[in-house]
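Colleague: Below you'll find the structure I mean.
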Amino acid sequence: MTSSVSPEPLPMGEPRWLDAEEQKAWRAWLYSAQLLLDRLDRDLTHRTGISHAYYEILVALSEAPERMMRMSELADRCLSSRSRLSHAVSRLEERGWVRRQVYAEDGRGQLAVLTEEGFAALEGAAPIHVEGVRRELFDQLTPEQVEGMRALGETLLRHLDPDRVP
């Protein structure tokens with residue numbers, strides 16, 4: 001994510017170390033999130049040739065008006081740096097799934113536009129992705145845990161990026 005906000009200075013004195021239960025919770029959450037994303041990415045890439053990062057770009061464009069979005073907005077939406085997004089869009093252009101065009105409003109900015117071929121690739125990958133999410137995440141949780149997961153996510157979003165809270 002591209003942010004120009006400087007971190008707050010550390011408070012003087014002793015750090016507020018995590019206790020044993022907080023440490024267990026932090027590591028369980030961190031490792032499970034990393035393993036989940038890795039597994040979803042490997043499965044999607046293996047079965048469709050589309051990495052999870054590329055899939056998220058295609059999804060964002062498919063949900064945008066006229067299936068197009070300013071490159072800067074797309075980078076923010078995908079939690080990506082502008083240079084990383086530009087590289088990814090170049091790879092998607094090579095596949096014929098995305099094209100760039102100049103933003104007519106100011107003639108300077110660029111738009112990423114999802115092509116029909118890109119939309120068709122997304123339609124083919126979506127069932128595989130959602131099945132992976134269901135199998136690896138939701139099938140492992142009770143309805144109460146899903147509710148708790150949503151509450152946790154929304155709490156963190158309100159703190160980290162309030163504009164993303166649904």
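Identifiers for the structure tokens are assigned positionally: chains receive A, B, ... in sequence, residues are indexed from 1 per chain, and ligands are indexed from 1 in the order shown.
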Compile a residue-level contact table for segment 6-51 of chain A against segment 79-100 of chain A at a cut-off of 12 Å, reporting for every qualifying residue the shortest atom pair and its distance in Å to one decimal, with only C-alpha atoms counted, rows ordered by chain and ascending number, as a Markdown table.
Modeller:
```
| residue | atom | partner | partner_atom | distance |
| --- | --- | --- | --- | --- |
| A:Gly49 | CA | A:Arg95 | CA | 11.0 |
| A:Ile50 | CA | A:Leu92 | CA | 9.7 |
| A:Ser51 | CA | A:Ala88 | CA | 10.3 |
```
Colleague: Within 12 Å of Thr45 of chain A, counting only C-alpha atoms, which residues qualify if same-chain residues fewer than 5 places away don't, as a list in words?
Modeller: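 That gives Leu37, Asp38, Arg39, Leu40, Ile50, Ser51, His52, Ala53, Tyr54, Tyr55, Ala125, Ile128, His129 and Gly132 of chain A.
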Colleague: My list of candidates is A:Ala112, A:Val130, A:Val146, A:Leu137. Which is closest to Ala64 of chain A when distances are computed with only C-alpha atoms?
Modeller: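 The shortest atom-to-atom distance to Ala64 of chain A comes from A:Ala112.
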Colleague: Write out as a PDB file with N, CA and C atoms, in the first residue's frame which residues come within 12 Å of Tyr103 of chain A when counting only C-alpha atoms, dropping same-chain ones fewer than 3 positions away.
Modeller:
```
ATOM      1  N   MET A  68     -13.101  -0.235 -15.898  1.00  0.00           N
ATOM      2  CA  MET A  68     -11.860   0.522 -16.010  1.00  0.00           C
ATOM      3  C   MET A  68     -11.631   1.323 -14.741  1.00  0.00           C
ATOM      4  N   MET A  69     -10.347   1.579 -14.468  1.00  0.00           N
ATOM      5  CA  MET A  69      -9.991   2.284 -13.252  1.00  0.00           C
ATOM      6  C   MET A  69      -8.649   2.989 -13.472  1.00  0.00           C
ATOM      7  N   ARG A  70      -8.507   4.157 -12.868  1.00  0.00           N
ATOM      8  CA  ARG A  70      -7.209   4.836 -12.897  1.00  0.00           C
ATOM      9  C   ARG A  70      -6.173   3.925 -12.275  1.00  0.00           C
ATOM     10  N   MET A  71      -4.979   3.935 -12.828  1.00  0.00           N
ATOM     11  CA  MET A  71      -3.908   3.071 -12.326  1.00  0.00           C
ATOM     12  C   MET A  71      -3.624   3.360 -10.853  1.00  0.00           C
ATOM     13  N   SER A  72      -3.631   4.615 -10.457  1.00  0.00           N
ATOM     14  CA  SER A  72      -3.356   4.962  -9.061  1.00  0.00           C
ATOM     15  C   SER A  72      -4.434   4.401  -8.131  1.00  0.00           C
ATOM     16  N   ARG A 100      -4.180  -0.464 -21.478  1.00  0.00           N
ATOM     17  CA  ARG A 100      -4.081   0.863 -20.877  1.00  0.00           C
ATOM     18  C   ARG A 100      -4.592   1.889 -21.866  1.00  0.00           C
ATOM     19  N   ASP A 106      -7.874  14.400 -18.015  1.00  0.00           N
ATOM     20  CA  ASP A 106      -6.714  15.281 -17.852  1.00  0.00           C
ATOM     21  C   ASP A 106      -5.594  14.989 -18.853  1.00  0.00           C
ATOM     22  N   GLY A 107      -5.713  13.911 -19.617  1.00  0.00           N
ATOM     23  CA  GLY A 107      -4.712  13.584 -20.614  1.00  0.00           C
ATOM     24  C   GLY A 107      -3.392  13.101 -20.056  1.00  0.00           C
ATOM     25  N   ARG A 108      -3.280  13.005 -18.735  1.00  0.00           N
ATOM     26  CA  ARG A 108      -2.017  12.586 -18.115  1.00  0.00           C
ATOM     27  C   ARG A 108      -2.113  11.199 -17.502  1.00  0.00           C
ATOM     28  N   GLY A 109      -3.113  10.993 -16.688  1.00  0.00           N
ATOM     29  CA  GLY A 109      -3.245   9.719 -15.995  1.00  0.00           C
ATOM     30  C   GLY A 109      -3.575   8.581 -16.944  1.00  0.00           C
ATOM     31  N   GLN A 110      -3.302   7.379 -16.485  1.00  0.00           N
ATOM     32  CA  GLN A 110      -3.626   6.203 -17.289  1.00  0.00           C
ATOM     33  C   GLN A 110      -4.731   5.410 -16.622  1.00  0.00           C
ATOM     34  N   LEU A 111      -5.532   4.797 -17.472  1.00  0.00           N
ATOM     35  CA  LEU A 111      -6.575   3.883 -17.027  1.00  0.00           C
ATOM     36  C   LEU A 111      -6.151   2.470 -17.378  1.00  0.00           C
ATOM     37  N   ALA A 112      -6.497   1.535 -16.517  1.00  0.00           N
ATOM     38  CA  ALA A 112      -6.402   0.118 -16.844  1.00  0.00           C
ATOM     39  C   ALA A 112      -7.812  -0.314 -17.204  1.00  0.00           C
ATOM     40  N   VAL A 113      -7.950  -1.013 -18.318  1.00  0.00           N
ATOM     41  CA  VAL A 113      -9.254  -1.417 -18.819  1.00  0.00           C
ATOM     42  C   VAL A 113      -9.260  -2.938 -18.974  1.00  0.00           C
TER      43      VAL A 113
END
```
Colleague: Which of these residues is nearest to Glu136 of chain A, using only C-alpha atoms: A:Leu122, A:Val102, A:Leu74, A:Leu35?
Modeller: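 With only C-alpha atoms as the atom set, the closest residue is A:Leu35.
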Colleague: Where in segment 3-144 of chain A does DSSP assign helix (DSSP H, G or I), given as an NGL selection string?
Modeller: :A and (20-48 or 52-63 or 65-67 or 71-77 or 82-94 or 116-136 or 138-140 or 143-144)
Colleague: Would you mind writing down, as a PyMOL selection string, each residue of segment 76-147 of chain A that DSSP on the backbone assigns to strand (DSSP E)?
Modeller: chain A and resi 98-102+110-114
Colleague: Pick from A:Arg27, A:Arg164, A:Arg67, A:Arg42: nearest to Leu114 of chain A, with only C-alpha atoms counted?
Modeller: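 Nearest to Leu114 of chain A: A:Arg67.
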Colleague: Could you please determine the separation between atom CA of Glu116 of chain A and atom CA of His46 of chain A in Å, to one decimal place?
Modeller: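 Computing the Euclidean distance for atom CA of Glu116 of chain A and atom CA of His46 of chain A yields 22.6 Å.
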Colleague: Work out how far apart atom CA of Asp163 of chain A and atom CA of Phe119 of chain A are and give it in Å to one decimal.
Modeller: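 Calculated distance between atom CA of Asp163 of chain A and atom CA of Phe119 of chain A is 26.6 Å.
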